[in-house]
Amino acid sequence: MIIAANFKTNHTRVSTKTYMDKLAAFVEKEAITEDVLVFPPATSLDSYHYHDNLRVGVQNAYPVEKGSFTGEIGLEQISEFGIKTILIGHSERRHILGESQEEIAKKFAFFAEAGFEIVYCVGEPKEVREKGIESVMAYNLSQFEGIDTNYENLIIAYEPVWAIGTGLTASNEQIEETLGELKKHVAKPLLYGGSVKVANTKEILEIKNCEGILVGTASWDVDSFCEMVAIAKRLS
Ligand code: PEP
């Protein structure tokens, strides 16, 4: 299973170090073999290499080696820390920061070419969900435009926009149906994300075709995140 933490714009460099040390000690002590991914903010990136299955990734990067792109980071800055994992297509980047599918596809192609492990996010807004599964799938599949879904190092995160950071979780039936449909199109590990917390981790991880979770808010507390990793271990 894959258990991933997205810090978004939370944690400092110091608190990320404390978090990572605690998480690494937990992974070691509990002999965790699940893939545990952490996406801290860019200012907290560092050479965190504790275990092969505990990896730090970037929440975002610009698809260049280096250059004049004020405010962005490129491959050179990421590579300094030996980072080879990236989150692409998160709904906050699509809907709040205005990243287009074309830009996302360019980013995907660049980091795939560089051999990155890519966690690629798709998910529909509330008004689309209300129209039913056909609309949901048409919307989600449109988010694969320009994306090489055969890329070997690809993980898909299904994250309904209306469930992210809202406390609303998709129902188990909605998750199962959507993951089942996605699996017909993309033969890659599928994660669910959207208000996952300790209390619902087990039931979500037990859903057919759900191979892990991408957690925002509830991952910011290291003890909660460790508990989610422990639940995944108990289920494997
Ligand atoms: C996310 O940011 O990917 C996410 C799922 O956030 P939250 O868990 O807060 O809904």
# chains A, B, ... in the order shown; residues from 1 in each chain; ligands from 1
$ residues_near_ligand --ligand "ligand 1" --cutoff "10 Å" --atoms "only C-alpha atoms and all ligand atoms" --output "PyMOL selection string"
chain A and resi 4-8+39+59+87+90-92+121+157-169+192-197+213-220
$ select_by_dssp --residues "segment 9-182 of chain A" --states "strand (DSSP E or B)" --output "list in words"
Asp35, Val36, Leu37, Val38, Phe39, His51, Leu54, Arg55, Val56, Val58, Thr85, Ile86, Leu87, Ile88, Glu117, Ile118, Val119, Tyr120, Cys121, Val122, Leu154, Ile155, Ile156, Ala157 and Tyr158 of chain A
$ write_last_selection --atoms "N, CA, C and O atoms" --output "JSON list (two decimals), in the first residue's frame"
[["chain", "number", "residue", "atom", "x", "y", "z"],
["A", 35, "ASP", "N", 4.79, 1.75, 1.23],
["A", 35, "ASP", "CA", 5.46, 2.94, 0.70],
["A", 35, "ASP", "C", 4.88, 4.15, 1.41],
["A", 35, "ASP", "O", 3.66, 4.37, 1.36],
["A", 36, "VAL", "N", 5.75, 4.91, 2.06],
["A", 36, "VAL", "CA", 5.30, 6.09, 2.80],
["A", 36, "VAL", "C", 5.92, 7.31, 2.12],
["A", 36, "VAL", "O", 7.15, 7.45, 2.03],
["A", 37, "LEU", "N", 5.05, 8.19, 1.61],
["A", 37, "LEU", "CA", 5.53, 9.37, 0.89],
["A", 37, "LEU", "C", 5.14, 10.63, 1.64],
["A", 37, "LEU", "O", 4.03, 10.72, 2.18],
["A", 38, "VAL", "N", 6.06, 11.60, 1.68],
["A", 38, "VAL", "CA", 5.76, 12.87, 2.36],
["A", 38, "VAL", "C", 6.09, 14.00, 1.39],
["A", 38, "VAL", "O", 7.18, 14.05, 0.82],
["A", 39, "PHE", "N", 5.12, 14.91, 1.25],
["A", 39, "PHE", "CA", 5.30, 16.07, 0.38],
["A", 39, "PHE", "C", 5.30, 17.35, 1.22],
["A", 39, "PHE", "O", 4.25, 17.94, 1.47],
["A", 51, "HIS", "N", 14.92, 5.39, 4.61],
["A", 51, "HIS", "CA", 14.61, 4.04, 4.14],
["A", 51, "HIS", "C", 14.12, 4.15, 2.69],
["A", 51, "HIS", "O", 13.50, 5.16, 2.35],
["A", 54, "LEU", "N", 10.47, 5.06, 2.50],
["A", 54, "LEU", "CA", 10.03, 6.34, 3.08],
["A", 54, "LEU", "C", 10.65, 7.45, 2.22],
["A", 54, "LEU", "O", 11.85, 7.71, 2.29],
["A", 55, "ARG", "N", 9.81, 8.06, 1.40],
["A", 55, "ARG", "CA", 10.37, 8.99, 0.42],
["A", 55, "ARG", "C", 9.74, 10.38, 0.54],
["A", 55, "ARG", "O", 8.52, 10.51, 0.75],
["A", 56, "VAL", "N", 10.60, 11.39, 0.37],
["A", 56, "VAL", "CA", 10.11, 12.77, 0.35],
["A", 56, "VAL", "C", 9.97, 13.20, -1.11],
["A", 56, "VAL", "O", 10.84, 12.91, -1.94],
["A", 58, "VAL", "N", 8.26, 16.41, -3.96],
["A", 58, "VAL", "CA", 7.88, 17.83, -4.07],
["A", 58, "VAL", "C", 6.40, 17.94, -4.43],
["A", 58, "VAL", "O", 5.87, 17.13, -5.18],
["A", 85, "THR", "N", 10.52, 12.15, -6.50],
["A", 85, "THR", "CA", 9.07, 11.94, -6.40],
["A", 85, "THR", "C", 8.38, 13.29, -6.51],
["A", 85, "THR", "O", 8.84, 14.27, -5.90],
["A", 86, "ILE", "N", 7.29, 13.35, -7.26],
["A", 86, "ILE", "CA", 6.58, 14.62, -7.43],
["A", 86, "ILE", "C", 5.07, 14.39, -7.49],
["A", 86, "ILE", "O", 4.60, 13.35, -7.97],
["A", 87, "LEU", "N", 4.35, 15.38, -6.95],
["A", 87, "LEU", "CA", 2.88, 15.39, -7.00],
["A", 87, "LEU", "C", 2.50, 16.29, -8.19],
["A", 87, "LEU", "O", 2.98, 17.43, -8.28],
["A", 88, "ILE", "N", 1.68, 15.80, -9.08],
["A", 88, "ILE", "CA", 1.27, 16.62, -10.23],
["A", 88, "ILE", "C", -0.25, 16.57, -10.37],
["A", 88, "ILE", "O", -0.87, 15.53, -10.18],
["A", 117, "GLU", "N", 9.09, 9.35, -9.85],
["A", 117, "GLU", "CA", 7.86, 8.70, -9.38],
["A", 117, "GLU", "C", 6.81, 9.81, -9.36],
["A", 117, "GLU", "O", 7.01, 10.84, -8.70],
["A", 118, "ILE", "N", 5.73, 9.63, -10.09],
["A", 118, "ILE", "CA", 4.72, 10.70, -10.19],
["A", 118, "ILE", "C", 3.41, 10.27, -9.53],
["A", 118, "ILE", "O", 2.84, 9.23, -9.88],
["A", 119, "VAL", "N", 2.96, 11.06, -8.56],
["A", 119, "VAL", "CA", 1.62, 10.86, -8.01],
["A", 119, "VAL", "C", 0.75, 11.87, -8.74],
["A", 119, "VAL", "O", 0.89, 13.09, -8.56],
["A", 120, "TYR", "N", -0.13, 11.36, -9.59],
["A", 120, "TYR", "CA", -0.93, 12.22, -10.47],
["A", 120, "TYR", "C", -2.37, 12.26, -9.98],
["A", 120, "TYR", "O", -3.02, 11.22, -9.84],
["A", 121, "CYS", "N", -2.85, 13.47, -9.71],
["A", 121, "CYS", "CA", -4.18, 13.62, -9.10],
["A", 121, "CYS", "C", -5.26, 13.98, -10.12],
["A", 121, "CYS", "O", -5.04, 14.82, -11.00],
["A", 122, "VAL", "N", -6.40, 13.33, -9.96],
["A", 122, "VAL", "CA", -7.59, 13.69, -10.73],
["A", 122, "VAL", "C", -8.77, 13.76, -9.76],
["A", 122, "VAL", "O", -8.71, 13.18, -8.67],
["A", 154, "LEU", "N", 4.17, 5.53, -12.25],
["A", 154, "LEU", "CA", 2.98, 6.38, -12.07],
["A", 154, "LEU", "C", 2.03, 5.80, -11.02],
["A", 154, "LEU", "O", 1.76, 4.60, -10.99],
["A", 155, "ILE", "N", 1.56, 6.71, -10.15],
["A", 155, "ILE", "CA", 0.54, 6.38, -9.15],
["A", 155, "ILE", "C", -0.58, 7.39, -9.37],
["A", 155, "ILE", "O", -0.31, 8.58, -9.56],
["A", 156, "ILE", "N", -1.82, 6.93, -9.34],
["A", 156, "ILE", "CA", -2.95, 7.85, -9.54],
["A", 156, "ILE", "C", -3.64, 8.10, -8.20],
["A", 156, "ILE", "O", -3.91, 7.15, -7.46],
["A", 157, "ALA", "N", -3.94, 9.36, -7.92],
["A", 157, "ALA", "CA", -4.73, 9.67, -6.72],
["A", 157, "ALA", "C", -6.07, 10.23, -7.17],
["A", 157, "ALA", "O", -6.12, 11.26, -7.86],
["A", 158, "TYR", "N", -7.14, 9.51, -6.81],
["A", 158, "TYR", "CA", -8.48, 10.03, -7.07],
["A", 158, "TYR", "C", -8.90, 10.88, -5.88],
["A", 158, "TYR", "O", -9.05, 10.37, -4.76]]
$ closest_residue --among "A:Glu134, A:Leu23, A:Ile3, A:Glu177" --to "Leu191 of chain A" --atoms "only C-alpha atoms"
A:Ile3
$ closest_residue --among "A:Ala170, A:Ala25, A:Val64, A:Ile73" --to "Glu130 of chain A" --atoms "only C-alpha atoms"
A:Ala170
$ atom_distance --atom1 "atom CA of Glu103 of chain A" --atom2 "atom CA of Tyr62 of chain A"
9.6 Å
$ closest_residue --among "A:Ala109, A:Val186, A:Cys210, A:Leu141" --to "Asn172 of chain A" --atoms "only C-alpha atoms"
A:Cys210
$ residues_around --residues "Ala187 of chain A" --least-positions-apart "2" --cutoff "8 Å" --atoms "only C-alpha atoms" --output "list in words"
Thr149, Asn150, Lys183, Lys184, His185 and Pro189 of chain A
$ select_by_dssp --residues "segment 85-222 of chain A" --states "helix (DSSP H, G or I)" --output "ChimeraX atom specification"
/A:91-96,101-113,126-129,133-142,161-163,172-185,198-205,217-219,222
$ write_last_selection --atoms "C-alpha atoms" --output "JSON list (two decimals), in the first residue's frame"
[["chain", "number", "residue", "atom", "x", "y", "z"],
["A", 91, "SER", "CA", -6.83, 20.09, -7.42],
["A", 92, "GLU", "CA", -5.55, 23.09, -5.46],
["A", 93, "ARG", "CA", -3.06, 23.74, -8.26],
["A", 94, "ARG", "CA", -5.70, 23.18, -10.91],
["A", 95, "HIS", "CA", -8.55, 25.15, -9.34],
["A", 96, "ILE", "CA", -6.93, 27.72, -7.03],
["A", 101, "GLN", "CA", -4.32, 20.63, -18.36],
["A", 102, "GLU", "CA", -1.79, 21.68, -21.01],
["A", 103, "GLU", "CA", 0.66, 22.96, -18.37],
["A", 104, "ILE", "CA", 0.08, 19.87, -16.25],
["A", 105, "ALA", "CA", 0.75, 17.59, -19.23],
["A", 106, "LYS", "CA", 4.02, 19.44, -19.97],
["A", 107, "LYS", "CA", 5.07, 19.08, -16.34],
["A", 108, "PHE", "CA", 4.18, 15.39, -16.41],
["A", 109, "ALA", "CA", 6.19, 14.75, -19.59],
["A", 110, "PHE", "CA", 9.22, 16.59, -18.21],
["A", 111, "PHE", "CA", 9.34, 14.76, -14.89],
["A", 112, "ALA", "CA", 8.53, 11.41, -16.51],
["A", 113, "GLU", "CA", 11.47, 11.94, -18.85],
["A", 126, "LYS", "CA", -19.29, 18.92, -6.63],
["A", 127, "GLU", "CA", -21.52, 20.00, -9.52],
["A", 128, "VAL", "CA", -20.09, 17.22, -11.67],
["A", 129, "ARG", "CA", -20.52, 14.59, -8.92],
["A", 133, "ILE", "CA", -20.97, 8.61, -12.50],
["A", 134, "GLU", "CA", -20.96, 9.14, -16.27],
["A", 135, "SER", "CA", -20.23, 12.84, -15.84],
["A", 136, "VAL", "CA", -17.74, 12.07, -13.08],
["A", 137, "MET", "CA", -15.81, 9.72, -15.34],
["A", 138, "ALA", "CA", -15.95, 12.04, -18.36],
["A", 139, "TYR", "CA", -14.49, 14.78, -16.17],
["A", 140, "ASN", "CA", -11.82, 12.59, -14.57],
["A", 141, "LEU", "CA", -10.77, 11.06, -17.87],
["A", 142, "SER", "CA", -10.41, 14.53, -19.39],
["A", 161, "VAL", "CA", -12.46, 18.32, -5.21],
["A", 162, "TRP", "CA", -15.51, 18.63, -2.97],
["A", 163, "ALA", "CA", -13.94, 16.26, -0.43],
["A", 172, "ASN", "CA", -17.41, 4.06, 0.19],
["A", 173, "GLU", "CA", -19.77, 3.25, -2.70],
["A", 174, "GLN", "CA", -18.73, 6.38, -4.60],
["A", 175, "ILE", "CA", -15.05, 5.62, -4.05],
["A", 176, "GLU", "CA", -15.43, 1.97, -5.08],
["A", 177, "GLU", "CA", -17.41, 2.80, -8.20],
["A", 178, "THR", "CA", -15.04, 5.56, -9.31],
["A", 179, "LEU", "CA", -11.87, 3.57, -8.63],
["A", 180, "GLY", "CA", -13.40, 0.60, -10.47],
["A", 181, "GLU", "CA", -14.09, 2.80, -13.51],
["A", 182, "LEU", "CA", -10.64, 4.40, -13.35],
["A", 183, "LYS", "CA", -9.00, 0.97, -13.19],
["A", 184, "LYS", "CA", -10.58, 0.09, -16.54],
["A", 185, "HIS", "CA", -8.62, 2.95, -18.10],
["A", 198, "VAL", "CA", -7.47, 8.02, 11.32],
["A", 199, "ALA", "CA", -11.12, 7.14, 11.94],
["A", 200, "ASN", "CA", -11.92, 6.31, 8.30],
["A", 201, "THR", "CA", -8.54, 5.02, 7.10],
["A", 202, "LYS", "CA", -9.33, 1.33, 7.61],
["A", 203, "GLU", "CA", -12.64, 1.35, 5.77],
["A", 204, "ILE", "CA", -11.19, 3.33, 2.88],
["A", 205, "LEU", "CA", -8.14, 1.07, 2.55],
["A", 217, "THR", "CA", -5.04, 17.89, 6.85],
["A", 218, "ALA", "CA", -4.91, 14.73, 8.97],
["A", 219, "SER", "CA", -1.30, 14.06, 7.96],
["A", 222, "VAL", "CA", 2.84, 13.05, 12.80]]
$ closest_residue --among "A:Ser171, A:Ser100, A:Thr33, A:Thr70" --to "Glu145 of chain A" --atoms "only C-alpha atoms"
A:Ser100
$ residues_around --residues "Glu30 of chain A" --least-positions-apart "3" --cutoff "12 Å" --atoms "only C-alpha atoms" --output "ChimeraX atom specification"
/A:23-27,33-34,226-227,229-234
$ closest_residue --among "A:Glu76, A:Met20, A:Asn60, A:Thr43" --to "Leu97 of chain A" --atoms "only C-alpha atoms"
A:Asn60
$ atom_distance --atom1 "atom CA of Asp21 of chain A" --atom2 "atom CA of Asp52 of chain A"
14.8 Å
$ closest_residue --among "A:Lys84, A:Lys188, A:Lys208, A:Arg13" --to "Asp46 of chain A" --atoms "only C-alpha atoms"
A:Arg13
$ atom_distance --atom1 "atom CA of Tyr151 of chain A" --atom2 "atom CA of Ser79 of chain A"
20.5 Å
$ decode --residues "segment 48-63 of chain A" --atoms "all heavy atoms" --output "tab-separated table (two decimals), in the first residue's frame"
chain	number	residue	atom	x	y	z
A	48	TYR	N	16.49	13.92	2.81
A	48	TYR	CA	15.92	12.95	3.75
A	48	TYR	C	15.99	11.56	3.13
A	48	TYR	O	15.20	11.23	2.25
A	48	TYR	CB	14.46	13.29	4.05
A	48	TYR	CG	14.27	14.51	4.91
A	48	TYR	CD1	13.67	15.66	4.39
A	48	TYR	CD2	14.67	14.52	6.24
A	48	TYR	CE1	13.48	16.79	5.19
A	48	TYR	CE2	14.49	15.65	7.03
A	48	TYR	CZ	13.90	16.77	6.51
A	48	TYR	OH	13.72	17.87	7.29
A	49	HIS	N	16.93	10.78	3.57
A	49	HIS	CA	17.04	9.42	3.02
A	49	HIS	C	17.19	8.44	4.18
A	49	HIS	O	18.29	8.15	4.61
A	49	HIS	CB	18.24	9.30	2.07
A	49	HIS	CG	18.17	10.27	0.93
A	49	HIS	ND1	17.24	10.17	-0.08
A	49	HIS	CD2	18.88	11.38	0.67
A	49	HIS	CE1	17.40	11.17	-0.93
A	49	HIS	NE2	18.38	11.94	-0.49
A	50	TYR	N	16.08	7.99	4.71
A	50	TYR	CA	16.13	7.08	5.85
A	50	TYR	C	15.97	5.64	5.37
A	50	TYR	O	16.74	4.77	5.71
A	50	TYR	CB	14.99	7.36	6.83
A	50	TYR	CG	14.90	8.76	7.38
A	50	TYR	CD1	14.16	9.74	6.74
A	50	TYR	CD2	15.53	9.09	8.58
A	50	TYR	CE1	14.04	11.01	7.28
A	50	TYR	CE2	15.42	10.36	9.13
A	50	TYR	CZ	14.66	11.32	8.47
A	50	TYR	OH	14.54	12.56	9.00
A	51	HIS	N	14.92	5.39	4.61
A	51	HIS	CA	14.61	4.04	4.14
A	51	HIS	C	14.12	4.15	2.69
A	51	HIS	O	13.50	5.16	2.35
A	51	HIS	CB	13.47	3.41	4.97
A	51	HIS	CG	13.71	3.47	6.44
A	51	HIS	ND1	14.53	2.59	7.09
A	51	HIS	CD2	13.23	4.31	7.38
A	51	HIS	CE1	14.56	2.89	8.38
A	51	HIS	NE2	13.78	3.94	8.58
A	52	ASP	N	14.31	3.10	1.91
A	52	ASP	CA	13.87	3.17	0.51
A	52	ASP	C	12.36	3.37	0.40
A	52	ASP	O	11.87	3.96	-0.56
A	52	ASP	CB	14.24	1.87	-0.23
A	52	ASP	CG	15.73	1.83	-0.52
A	52	ASP	OD1	16.41	2.86	-0.29
A	52	ASP	OD2	16.21	0.76	-0.94
A	53	ASN	N	11.61	2.85	1.38
A	53	ASN	CA	10.15	2.95	1.29
A	53	ASN	C	9.60	4.21	1.98
A	53	ASN	O	8.39	4.41	2.00
A	53	ASN	CB	9.47	1.70	1.86
A	53	ASN	CG	9.79	1.48	3.32
A	53	ASN	OD1	10.93	1.62	3.73
A	53	ASN	ND2	8.78	1.15	4.11
A	54	LEU	N	10.47	5.06	2.50
A	54	LEU	CA	10.03	6.34	3.08
A	54	LEU	C	10.65	7.45	2.22
A	54	LEU	O	11.85	7.71	2.29
A	54	LEU	CB	10.50	6.46	4.54
A	54	LEU	CG	10.31	7.82	5.22
A	54	LEU	CD1	8.85	8.28	5.17
A	54	LEU	CD2	10.78	7.75	6.67
A	55	ARG	N	9.81	8.06	1.40
A	55	ARG	CA	10.37	8.99	0.42
A	55	ARG	C	9.74	10.38	0.54
A	55	ARG	O	8.52	10.51	0.75
A	55	ARG	CB	10.12	8.46	-1.01
A	55	ARG	CG	10.79	7.13	-1.26
A	55	ARG	CD	10.70	6.69	-2.70
A	55	ARG	NE	9.37	6.23	-3.12
A	55	ARG	CZ	8.86	5.04	-2.83
A	55	ARG	NH1	9.55	4.17	-2.12
A	55	ARG	NH2	7.65	4.71	-3.25
A	56	VAL	N	10.60	11.39	0.37
A	56	VAL	CA	10.11	12.77	0.35
A	56	VAL	C	9.97	13.20	-1.11
A	56	VAL	O	10.84	12.91	-1.94
A	56	VAL	CB	11.10	13.68	1.11
A	56	VAL	CG1	10.87	15.15	0.76
A	56	VAL	CG2	10.93	13.48	2.61
A	57	GLY	N	8.86	13.87	-1.41
A	57	GLY	CA	8.65	14.36	-2.77
A	57	GLY	C	8.33	15.84	-2.77
A	57	GLY	O	8.14	16.45	-1.71
A	58	VAL	N	8.26	16.41	-3.96
A	58	VAL	CA	7.88	17.83	-4.07
A	58	VAL	C	6.40	17.94	-4.43
A	58	VAL	O	5.87	17.13	-5.18
A	58	VAL	CB	8.73	18.60	-5.10
A	58	VAL	CG1	10.13	18.83	-4.57
A	58	VAL	CG2	8.79	17.89	-6.44
A	59	GLN	N	5.77	18.98	-3.86
A	59	GLN	CA	4.34	19.21	-4.14
A	59	GLN	C	4.15	19.79	-5.54
A	59	GLN	O	3.06	19.73	-6.10
A	59	GLN	CB	3.76	20.21	-3.14
A	59	GLN	CG	3.70	19.73	-1.72
A	59	GLN	CD	3.22	20.84	-0.79
A	59	GLN	OE1	2.59	21.81	-1.20
A	59	GLN	NE2	3.53	20.70	0.49
A	60	ASN	N	5.22	20.40	-6.04
A	60	ASN	CA	5.15	21.08	-7.32
A	60	ASN	C	6.56	21.44	-7.77
A	60	ASN	O	7.46	21.55	-6.94
A	60	ASN	CB	4.34	22.37	-7.19
A	60	ASN	CG	4.25	23.13	-8.49
A	60	ASN	OD1	3.96	22.54	-9.54
A	60	ASN	ND2	4.53	24.43	-8.45
A	61	ALA	N	6.75	21.60	-9.06
A	61	ALA	CA	8.01	22.13	-9.58
A	61	ALA	C	7.74	22.59	-11.01
A	61	ALA	O	6.73	22.20	-11.61
A	61	ALA	CB	9.10	21.07	-9.57
A	62	TYR	N	8.62	23.42	-11.51
A	62	TYR	CA	8.47	23.91	-12.88
A	62	TYR	C	9.24	22.97	-13.81
A	62	TYR	O	10.32	22.49	-13.45
A	62	TYR	CB	9.04	25.34	-12.96
A	62	TYR	CG	8.46	26.13	-14.09
A	62	TYR	CD1	7.11	26.49	-14.11
A	62	TYR	CD2	9.27	26.50	-15.17
A	62	TYR	CE1	6.59	27.21	-15.17
A	62	TYR	CE2	8.73	27.23	-16.23
A	62	TYR	CZ	7.40	27.57	-16.22
A	62	TYR	OH	6.87	28.28	-17.27
A	63	PRO	N	8.69	22.69	-14.99
A	63	PRO	CA	9.33	21.70	-15.86
A	63	PRO	C	10.55	22.24	-16.61
A	63	PRO	O	10.57	22.33	-17.83
A	63	PRO	CB	8.20	21.30	-16.81
A	63	PRO	CG	7.28	22.47	-16.85
A	63	PRO	CD	7.39	23.15	-15.52
